[in-house]
Protein chains: 2
Amino acid sequence: MENNLITEIERDAVYKTIYGRRDVRRYFKSDPIPSEVLARILQAAHHAGSVGYMQPWNFIIVEDFNIRQKVKESFERERSEAALLFDDEKRTKYLSFKLEGILESPLNMVVTSDPTRFGPQVIGRHSMPETHLYSTCCAIQNLWLAARAENIGVGWVSILKREDLRPIFHIPQHIAIVAYLCLGYVTCFPDQPDLERVGWGKRLPLENLVYFDLWGGQLSQERKELVSFFQALVNSHAQGSP
Amino acid sequence: MENNLITEIERDAVYKTIYGRRDVRRYFKSDPIPSEVLARILQAAHHAGSVGYMQPWNFIIVEDFNIRQKVKESFERERSEAALLFDDEKRTKYLSFKLEGILESPLNMVVTSDPTRFGPQVIGRHSMPETHLYSTCCAIQNLWLAARAENIGVGWVSILKREDLRPIFHIPQHIAIVAYLCLGYVTCFPDQPDLERVGWGKRLPLENLVYFDLWGGQLSQERKELVSFFQALVNSHAQGSP
């Protein structure tokens, strides 16, 4: 099976894609995504691992403009409601952000998860029944990276109410709605996440998020060097290579 | 920003990695994962998108053998309990499966998600508060693919009780435990998922999982060709290229 080893050059392409992926809300071009490309992206999603091999996901490709208009209305309502929770200064900022590309992107997608698929007994779901949702998120990340590898931007819109989406798409009650995505070719992939660029947030230093053996556990002597490797990676990334 | 376009060769490396990723429970070698490699994998995880840029994840690197022994005991209990839910024939099969590599792999990892990080008001979490868990799963899939790109196997063990893990790792009550992973170099990455190879399950035809505009909606004339592209990809994959 040596032929399925990943070479260093291939590895670096994976890192380039991971570091270059963005949550895209602007820069969408109207060019349609060819079916051949869309097929590759969906097959990549479908090749995520899943608990007990249950493959709980479904993908609704959304092109209809009237349907998208209804989704956009849900977004507007939710955005206004959420805005009330911020203080004045933050609210003005929040409302100035572009947080979705529902109508501008050529294609939207609903990703759902079916907890009953191959049920009721699925290997590995007895102790943690919600793992089917986690599998579906892994599929979404595969889709996101495959899209980036095709130079297609993806934006995940979470400012939406499930109770609004369910009747719009006729989704049965037992199906979990996991994600609403906007996809399309873009004019650029910015170097930084939007919320970092506009000064809303910063990437946390990774060394603060990694523990050793126990929650809060310091990196032991043997793994202390991890911290310097983390920092070296941040520096090389800042210079444009991952 | 043309320099961050992904080339076709790079794209194919991403697909090779996505198709070649496995949920690994056997074939682990005892060789340690060098800190430099582990740092790259963790930085890849840390570069997932997250709702409101909240980066809710933590990673506990677990090397201590006594701690892993306790986790293994939880696994054994949960496995026995779940086995009772299958009929006789399936139970014998289930109990014959290798479903974890807790002690054989050189490194385990707990991945958690903190719903209070940057809280209480995080952009995009008002309508769907559980999205922090989805972000953490996206980070896990980044980690999984980065590990595969480093020729390191990862197995996600979900046959574990959170109530067992929490005291073992001293994880605070408000932190969500998302995943327990086993990592290590492997002697091989099989072509098929384990559960497919042993005849427990099959990959579903993707065309049955993709709808158009509405739940259950048939692919319209314009997107009907997707089905043939799906099938072409399955065939080319069966021949060893993605």
# chains A, B, ... in the order shown; residues from 1 in each chain; ligands from 1
call {"tool": "interface_residues", "arguments": {"of": "chain B", "to": "chain A", "cutoff": "6 Å", "atoms": "only C-alpha atoms", "output": "ChimeraX atom specification"}}
result
/B:6,10-11,13-14,35-36,39,58-62,124,127,134,137-138,141,149,158-161,169-171,209-215,226,229-230
call {"tool": "calpha_fit_and_write", "arguments": {"fixed": "chain A", "moving": "chain B", "output": "compact mmCIF listing (two decimals) with C-alpha atoms, in the first residue's frame"}}
result
# COMPACT_ATOMS: atom_id res chain seq x y z
CA MET B 1 0.02 0.00 -0.03
CA GLU B 2 3.03 2.26 -0.35
CA ASN B 3 1.44 3.88 -3.37
CA ASN B 4 -1.08 5.62 -1.15
CA LEU B 5 1.57 7.42 0.89
CA ILE B 6 1.22 11.18 0.66
CA THR B 7 4.37 12.95 -0.54
CA GLU B 8 5.69 16.16 1.00
CA ILE B 9 4.60 18.14 -2.04
CA GLU B 10 1.09 16.73 -1.75
CA ARG B 11 1.07 17.40 1.98
CA ASP B 12 1.98 21.03 1.41
CA ALA B 13 -0.92 21.35 -1.05
CA VAL B 14 -3.24 20.14 1.70
CA TYR B 15 -1.85 22.70 4.14
CA LYS B 16 -2.10 25.46 1.51
CA THR B 17 -5.78 24.59 1.09
CA ILE B 18 -6.46 24.40 4.83
CA TYR B 19 -4.76 27.75 5.49
CA GLY B 20 -6.30 29.37 2.43
CA ARG B 21 -9.90 28.35 3.21
CA ARG B 22 -12.16 31.25 4.19
CA ASP B 23 -15.74 31.70 5.35
CA VAL B 24 -16.88 33.71 2.34
CA ARG B 25 -19.66 36.31 2.43
CA ARG B 26 -18.59 38.67 -0.35
CA TYR B 27 -16.55 38.56 -3.56
CA PHE B 28 -18.95 36.02 -5.12
CA LYS B 29 -18.99 35.94 -8.92
CA SER B 30 -22.18 34.95 -10.69
CA ASP B 31 -20.54 32.24 -12.84
CA PRO B 32 -22.36 28.95 -12.31
CA ILE B 33 -20.52 25.99 -10.79
CA PRO B 34 -20.25 23.31 -13.51
CA SER B 35 -21.92 20.02 -12.60
CA GLU B 36 -18.62 18.17 -12.96
CA VAL B 37 -17.02 20.39 -10.31
CA LEU B 38 -20.06 20.24 -8.04
CA ALA B 39 -20.00 16.44 -8.31
CA ARG B 40 -16.37 16.34 -7.17
CA ILE B 41 -17.10 18.57 -4.19
CA LEU B 42 -20.10 16.47 -3.13
CA GLN B 43 -18.21 13.18 -3.50
CA ALA B 44 -15.49 14.64 -1.28
CA ALA B 45 -18.12 15.45 1.34
CA HIS B 46 -19.57 11.96 1.01
CA HIS B 47 -16.14 10.46 1.74
CA ALA B 48 -15.99 11.78 5.28
CA GLY B 49 -15.94 9.18 8.00
CA SER B 50 -19.18 8.60 9.85
CA VAL B 51 -20.12 6.90 13.08
CA GLY B 52 -20.98 3.25 12.38
CA TYR B 53 -20.63 4.10 8.65
CA MET B 54 -24.14 5.59 8.81
CA GLN B 55 -23.49 8.41 6.27
CA PRO B 56 -26.32 10.43 7.82
CA TRP B 57 -26.05 13.43 5.48
CA ASN B 58 -28.25 14.83 2.73
CA PHE B 59 -27.48 17.80 0.50
CA ILE B 60 -30.17 20.05 -0.95
CA ILE B 61 -28.79 22.09 -3.86
CA VAL B 62 -30.69 25.38 -3.89
CA GLU B 63 -30.82 27.43 -7.06
CA ASP B 64 -34.41 28.73 -7.04
CA PHE B 65 -34.39 32.47 -6.46
CA ASN B 66 -37.78 32.66 -4.75
CA ILE B 67 -36.76 30.04 -2.21
CA ARG B 68 -33.51 31.85 -1.51
CA GLN B 69 -35.46 35.08 -1.07
CA LYS B 70 -37.42 33.43 1.77
CA VAL B 71 -34.19 32.29 3.42
CA LYS B 72 -32.82 35.80 3.12
CA GLU B 73 -35.91 37.13 4.94
CA SER B 74 -35.25 34.71 7.80
CA PHE B 75 -31.67 35.92 7.92
CA GLU B 76 -32.76 39.57 8.08
CA ARG B 77 -35.15 38.87 10.96
CA GLU B 78 -32.55 36.90 12.92
CA ARG B 79 -29.87 39.49 12.32
CA SER B 80 -32.07 42.29 13.63
CA GLU B 81 -33.00 40.26 16.68
CA ALA B 82 -29.39 39.36 17.48
CA ALA B 83 -28.32 43.00 17.02
CA LEU B 84 -30.40 44.01 20.04
CA LEU B 85 -28.15 41.91 22.27
CA PHE B 86 -25.03 44.00 21.59
CA ASP B 87 -24.29 47.36 23.20
CA ASP B 88 -24.53 50.43 20.95
CA GLU B 89 -20.95 50.48 19.76
CA LYS B 90 -20.78 46.76 18.97
CA ARG B 91 -24.24 46.83 17.40
CA THR B 92 -23.26 49.47 14.84
CA LYS B 93 -20.20 47.39 13.97
CA TYR B 94 -22.21 44.15 13.82
CA LEU B 95 -24.81 45.67 11.51
CA SER B 96 -22.06 46.92 9.19
CA PHE B 97 -20.72 43.39 8.63
CA LYS B 98 -21.57 41.37 5.54
CA LEU B 99 -22.57 38.02 7.02
CA GLU B 100 -24.10 36.07 4.14
CA GLY B 101 -24.17 35.78 0.35
CA ILE B 102 -27.55 34.08 -0.06
CA LEU B 103 -28.65 35.93 -3.18
CA GLU B 104 -25.30 36.88 -4.72
CA SER B 105 -23.77 33.40 -4.74
CA PRO B 106 -24.83 31.20 -7.66
CA LEU B 107 -25.72 28.25 -5.45
CA ASN B 108 -26.91 27.63 -1.89
CA MET B 109 -26.92 24.30 -0.11
CA VAL B 110 -28.73 22.88 2.92
CA VAL B 111 -26.89 20.08 4.70
CA THR B 112 -28.95 17.84 6.95
CA SER B 113 -28.38 14.82 9.18
CA ASP B 114 -30.73 11.87 9.58
CA PRO B 115 -30.46 10.30 13.07
CA THR B 116 -32.65 7.35 12.00
CA ARG B 117 -30.50 6.16 9.08
CA PHE B 118 -29.61 2.47 9.49
CA GLY B 119 -31.13 2.84 12.97
CA PRO B 120 -31.91 2.19 15.68
CA GLN B 121 -28.64 0.31 16.42
CA VAL B 122 -25.63 1.91 14.78
CA ILE B 123 -22.13 0.94 15.90
CA GLY B 124 -20.65 3.62 18.13
CA ARG B 125 -23.79 5.70 18.62
CA HIS B 126 -25.06 4.04 21.79
CA SER B 127 -22.86 6.05 24.17
CA MET B 128 -22.97 9.34 22.26
CA PRO B 129 -26.13 9.47 20.12
CA GLU B 130 -25.41 12.96 18.75
CA THR B 131 -22.27 11.76 16.95
CA HIS B 132 -24.28 11.60 13.71
CA LEU B 133 -24.22 15.42 13.77
CA TYR B 134 -20.46 15.39 14.20
CA SER B 135 -20.09 13.08 11.19
CA THR B 136 -22.15 15.48 9.11
CA CYS B 137 -19.92 18.38 10.18
CA CYS B 138 -16.87 16.37 9.08
CA ALA B 139 -18.54 15.96 5.68
CA ILE B 140 -19.12 19.72 5.55
CA GLN B 141 -15.45 20.42 6.26
CA ASN B 142 -14.48 17.99 3.47
CA LEU B 143 -16.84 19.91 1.18
CA TRP B 144 -15.38 23.24 2.29
CA LEU B 145 -11.81 22.16 1.61
CA ALA B 146 -12.67 20.47 -1.70
CA ALA B 147 -14.42 23.68 -2.77
CA ARG B 148 -11.34 25.71 -1.79
CA ALA B 149 -9.20 23.30 -3.80
CA GLU B 150 -11.48 24.09 -6.76
CA ASN B 151 -11.06 27.83 -5.98
CA ILE B 152 -14.71 28.04 -4.95
CA GLY B 153 -15.70 30.01 -1.88
CA VAL B 154 -18.09 28.69 0.75
CA GLY B 155 -19.88 30.69 3.43
CA TRP B 156 -21.68 29.02 6.34
CA VAL B 157 -24.71 31.12 7.36
CA SER B 158 -25.76 30.37 10.93
CA ILE B 159 -27.93 33.47 11.45
CA LEU B 160 -31.04 31.53 10.46
CA LYS B 161 -33.83 29.87 12.38
CA ARG B 162 -34.34 26.15 11.82
CA GLU B 163 -38.09 26.65 12.29
CA ASP B 164 -37.97 29.01 9.30
CA LEU B 165 -35.89 26.70 7.10
CA ARG B 166 -37.89 23.52 7.74
CA PRO B 167 -41.13 24.62 6.01
CA ILE B 168 -39.28 26.48 3.23
CA PHE B 169 -37.54 23.24 2.18
CA HIS B 170 -40.23 20.77 3.36
CA ILE B 171 -37.70 19.05 5.61
CA PRO B 172 -39.29 16.31 7.77
CA GLN B 173 -39.41 16.87 11.51
CA HIS B 174 -36.97 14.08 12.40
CA ILE B 175 -34.19 15.38 10.15
CA ALA B 176 -31.61 17.69 11.78
CA ILE B 177 -30.78 20.84 9.82
CA VAL B 178 -27.04 21.32 10.28
CA ALA B 179 -25.82 23.95 7.84
CA TYR B 180 -26.87 26.52 5.28
CA LEU B 181 -24.06 27.21 2.82
CA CYS B 182 -23.48 29.70 0.00
CA LEU B 183 -21.11 28.58 -2.77
CA GLY B 184 -19.51 30.26 -5.74
CA TYR B 185 -16.35 31.30 -7.52
CA VAL B 186 -14.90 34.43 -5.93
CA THR B 187 -12.76 37.36 -7.01
CA CYS B 188 -10.37 36.67 -4.13
CA PHE B 189 -9.67 34.67 -0.99
CA PRO B 190 -8.45 37.18 1.61
CA ASP B 191 -5.39 36.30 3.70
CA GLN B 192 -7.27 36.72 6.98
CA PRO B 193 -10.72 35.76 8.25
CA ASP B 194 -13.16 38.68 7.82
CA LEU B 195 -13.72 39.13 11.57
CA GLU B 196 -9.98 39.42 12.12
CA ARG B 197 -9.51 41.91 9.27
CA VAL B 198 -12.21 44.24 10.67
CA GLY B 199 -10.78 44.03 14.19
CA TRP B 200 -13.63 42.07 15.79
CA GLY B 201 -11.46 39.16 16.91
CA LYS B 202 -7.98 37.67 16.80
CA ARG B 203 -6.69 34.15 16.33
CA LEU B 204 -5.87 32.79 19.79
CA PRO B 205 -2.31 31.59 20.45
CA LEU B 206 -2.50 27.84 19.94
CA GLU B 207 -0.24 27.13 22.93
CA ASN B 208 -3.02 28.41 25.21
CA LEU B 209 -5.44 25.82 23.81
CA VAL B 210 -3.29 22.70 24.07
CA TYR B 211 -3.03 20.75 27.32
CA PHE B 212 -1.05 17.72 28.31
CA ASP B 213 -2.61 14.57 29.86
CA LEU B 214 -5.20 16.55 31.88
CA TRP B 215 -7.38 19.64 31.40
CA GLY B 216 -5.10 22.58 32.18
CA GLY B 217 -2.06 20.27 32.15
CA GLN B 218 1.19 21.97 31.14
CA LEU B 219 3.12 20.57 28.23
CA SER B 220 5.64 18.26 29.83
CA GLN B 221 9.37 18.60 29.24
CA GLU B 222 9.20 16.25 26.23
CA ARG B 223 6.47 18.24 24.51
CA LYS B 224 7.47 21.74 25.61
CA GLU B 225 9.10 22.29 22.24
CA LEU B 226 5.60 22.23 20.70
CA VAL B 227 5.20 25.87 21.70
CA SER B 228 8.17 27.01 19.65
CA PHE B 229 6.95 24.96 16.69
CA PHE B 230 3.50 26.58 16.99
CA GLN B 231 5.09 30.01 16.92
CA ALA B 232 7.36 29.13 13.99
CA LEU B 233 4.29 28.05 12.02
CA VAL B 234 2.47 31.30 12.80
CA ASN B 235 5.48 33.27 11.59
CA SER B 236 5.88 31.29 8.37
CA HIS B 237 2.14 31.63 7.77
CA ALA B 238 2.33 35.39 8.25
CA GLN B 239 4.89 35.35 5.46
CA GLY B 240 2.44 33.65 3.14
CA SER B 241 3.40 29.98 3.31
CA PRO B 242 1.44 27.75 5.68
call {"tool": "select_by_dssp", "arguments": {"residues": "stretch 9-224 of chain B", "states": "helix (DSSP H, G or I)", "output": "ChimeraX atom specification"}}
result
/B:9-20,35-46,51-53,65-83,88-96,131-149,162-169,194-197,206-208,221-223
call {"tool": "select_by_dssp", "arguments": {"residues": "stretch 102-214 of chain A", "states": "strand (DSSP E or B)", "output": "list in words"}}
result
Leu107, Asn108, Met109, Val110, Val111, Thr112, Ser113, Ile152, Gly153, Val154, Gly155, Trp156, Ala176, Ile177, Val178, Ala179, Tyr180, Leu181, Cys182, Leu183, Gly184, Tyr185, Val186, Val210, Tyr211 and Phe212 of chain A
call {"tool": "write_last_selection", "arguments": {"atoms": "N, CA and C atoms", "output": "PDB file, in the first residue's frame"}}
result
ATOM      1  N   LEU A 107     -25.146  29.513  -5.936  1.00  0.00           N
ATOM      2  CA  LEU A 107     -25.705  28.250  -5.432  1.00  0.00           C
ATOM      3  C   LEU A 107     -25.715  28.252  -3.917  1.00  0.00           C
ATOM      4  N   ASN A 108     -26.823  27.843  -3.334  1.00  0.00           N
ATOM      5  CA  ASN A 108     -26.898  27.635  -1.882  1.00  0.00           C
ATOM      6  C   ASN A 108     -27.026  26.132  -1.641  1.00  0.00           C
ATOM      7  N   MET A 109     -26.782  25.724  -0.409  1.00  0.00           N
ATOM      8  CA  MET A 109     -26.907  24.304  -0.098  1.00  0.00           C
ATOM      9  C   MET A 109     -27.340  24.127   1.359  1.00  0.00           C
ATOM     10  N   VAL A 110     -28.332  23.257   1.570  1.00  0.00           N
ATOM     11  CA  VAL A 110     -28.716  22.878   2.923  1.00  0.00           C
ATOM     12  C   VAL A 110     -28.097  21.515   3.193  1.00  0.00           C
ATOM     13  N   VAL A 111     -27.435  21.378   4.333  1.00  0.00           N
ATOM     14  CA  VAL A 111     -26.876  20.077   4.708  1.00  0.00           C
ATOM     15  C   VAL A 111     -27.614  19.596   5.948  1.00  0.00           C
ATOM     16  N   THR A 112     -28.140  18.382   5.860  1.00  0.00           N
ATOM     17  CA  THR A 112     -28.943  17.837   6.958  1.00  0.00           C
ATOM     18  C   THR A 112     -28.347  16.524   7.454  1.00  0.00           C
ATOM     19  N   SER A 113     -28.860  16.052   8.579  1.00  0.00           N
ATOM     20  CA  SER A 113     -28.359  14.812   9.171  1.00  0.00           C
ATOM     21  C   SER A 113     -29.556  13.993   9.661  1.00  0.00           C
ATOM     22  N   ILE A 152     -13.309  27.635  -5.192  1.00  0.00           N
ATOM     23  CA  ILE A 152     -14.698  28.040  -4.956  1.00  0.00           C
ATOM     24  C   ILE A 152     -14.851  28.428  -3.489  1.00  0.00           C
ATOM     25  N   GLY A 153     -15.482  29.563  -3.239  1.00  0.00           N
ATOM     26  CA  GLY A 153     -15.689  30.017  -1.871  1.00  0.00           C
ATOM     27  C   GLY A 153     -16.959  29.425  -1.277  1.00  0.00           C
ATOM     28  N   VAL A 154     -16.928  29.199   0.019  1.00  0.00           N
ATOM     29  CA  VAL A 154     -18.090  28.699   0.752  1.00  0.00           C
ATOM     30  C   VAL A 154     -18.299  29.582   1.981  1.00  0.00           C
ATOM     31  N   GLY A 155     -19.539  29.977   2.213  1.00  0.00           N
ATOM     32  CA  GLY A 155     -19.874  30.704   3.438  1.00  0.00           C
ATOM     33  C   GLY A 155     -20.939  29.937   4.200  1.00  0.00           C
ATOM     34  N   TRP A 156     -20.714  29.754   5.484  1.00  0.00           N
ATOM     35  CA  TRP A 156     -21.679  29.026   6.341  1.00  0.00           C
ATOM     36  C   TRP A 156     -22.516  30.085   7.058  1.00  0.00           C
ATOM     37  N   ALA A 176     -32.291  16.524  11.190  1.00  0.00           N
ATOM     38  CA  ALA A 176     -31.604  17.679  11.772  1.00  0.00           C
ATOM     39  C   ALA A 176     -31.044  18.568  10.664  1.00  0.00           C
ATOM     40  N   ILE A 177     -31.325  19.861  10.772  1.00  0.00           N
ATOM     41  CA  ILE A 177     -30.766  20.831   9.823  1.00  0.00           C
ATOM     42  C   ILE A 177     -29.439  21.309  10.400  1.00  0.00           C
ATOM     43  N   VAL A 178     -28.345  21.021   9.719  1.00  0.00           N
ATOM     44  CA  VAL A 178     -27.029  21.316  10.287  1.00  0.00           C
ATOM     45  C   VAL A 178     -26.448  22.617   9.728  1.00  0.00           C
ATOM     46  N   ALA A 179     -26.497  22.796   8.413  1.00  0.00           N
ATOM     47  CA  ALA A 179     -25.813  23.964   7.842  1.00  0.00           C
ATOM     48  C   ALA A 179     -26.547  24.534   6.647  1.00  0.00           C
ATOM     49  N   TYR A 180     -26.405  25.844   6.493  1.00  0.00           N
ATOM     50  CA  TYR A 180     -26.862  26.524   5.284  1.00  0.00           C
ATOM     51  C   TYR A 180     -25.638  27.195   4.660  1.00  0.00           C
ATOM     52  N   LEU A 181     -25.292  26.768   3.450  1.00  0.00           N
ATOM     53  CA  LEU A 181     -24.051  27.214   2.817  1.00  0.00           C
ATOM     54  C   LEU A 181     -24.324  28.019   1.550  1.00  0.00           C
ATOM     55  N   CYS A 182     -23.447  28.978   1.264  1.00  0.00           N
ATOM     56  CA  CYS A 182     -23.472  29.712  -0.002  1.00  0.00           C
ATOM     57  C   CYS A 182     -22.178  29.388  -0.741  1.00  0.00           C
ATOM     58  N   LEU A 183     -22.286  29.003  -1.998  1.00  0.00           N
ATOM     59  CA  LEU A 183     -21.105  28.587  -2.762  1.00  0.00           C
ATOM     60  C   LEU A 183     -20.967  29.365  -4.061  1.00  0.00           C
ATOM     61  N   GLY A 184     -19.735  29.648  -4.443  1.00  0.00           N
ATOM     62  CA  GLY A 184     -19.507  30.257  -5.743  1.00  0.00           C
ATOM     63  C   GLY A 184     -18.045  30.599  -5.962  1.00  0.00           C
ATOM     64  N   TYR A 185     -17.691  30.779  -7.237  1.00  0.00           N
ATOM     65  CA  TYR A 185     -16.355  31.298  -7.520  1.00  0.00           C
ATOM     66  C   TYR A 185     -16.274  32.709  -6.952  1.00  0.00           C
ATOM     67  N   VAL A 186     -15.073  33.118  -6.583  1.00  0.00           N
ATOM     68  CA  VAL A 186     -14.913  34.420  -5.945  1.00  0.00           C
ATOM     69  C   VAL A 186     -13.805  35.219  -6.632  1.00  0.00           C
ATOM     70  N   VAL A 210      -3.775  24.072  24.074  1.00  0.00           N
ATOM     71  CA  VAL A 210      -3.298  22.688  24.083  1.00  0.00           C
ATOM     72  C   VAL A 210      -2.825  22.316  25.481  1.00  0.00           C
ATOM     73  N   TYR A 211      -3.391  21.242  26.005  1.00  0.00           N
ATOM     74  CA  TYR A 211      -3.026  20.757  27.331  1.00  0.00           C
ATOM     75  C   TYR A 211      -2.319  19.410  27.213  1.00  0.00           C
ATOM     76  N   PHE A 212      -1.773  18.973  28.323  1.00  0.00           N
ATOM     77  CA  PHE A 212      -1.042  17.708  28.315  1.00  0.00           C
ATOM     78  C   PHE A 212      -1.586  16.784  29.402  1.00  0.00           C
TER      79      PHE A 212
END
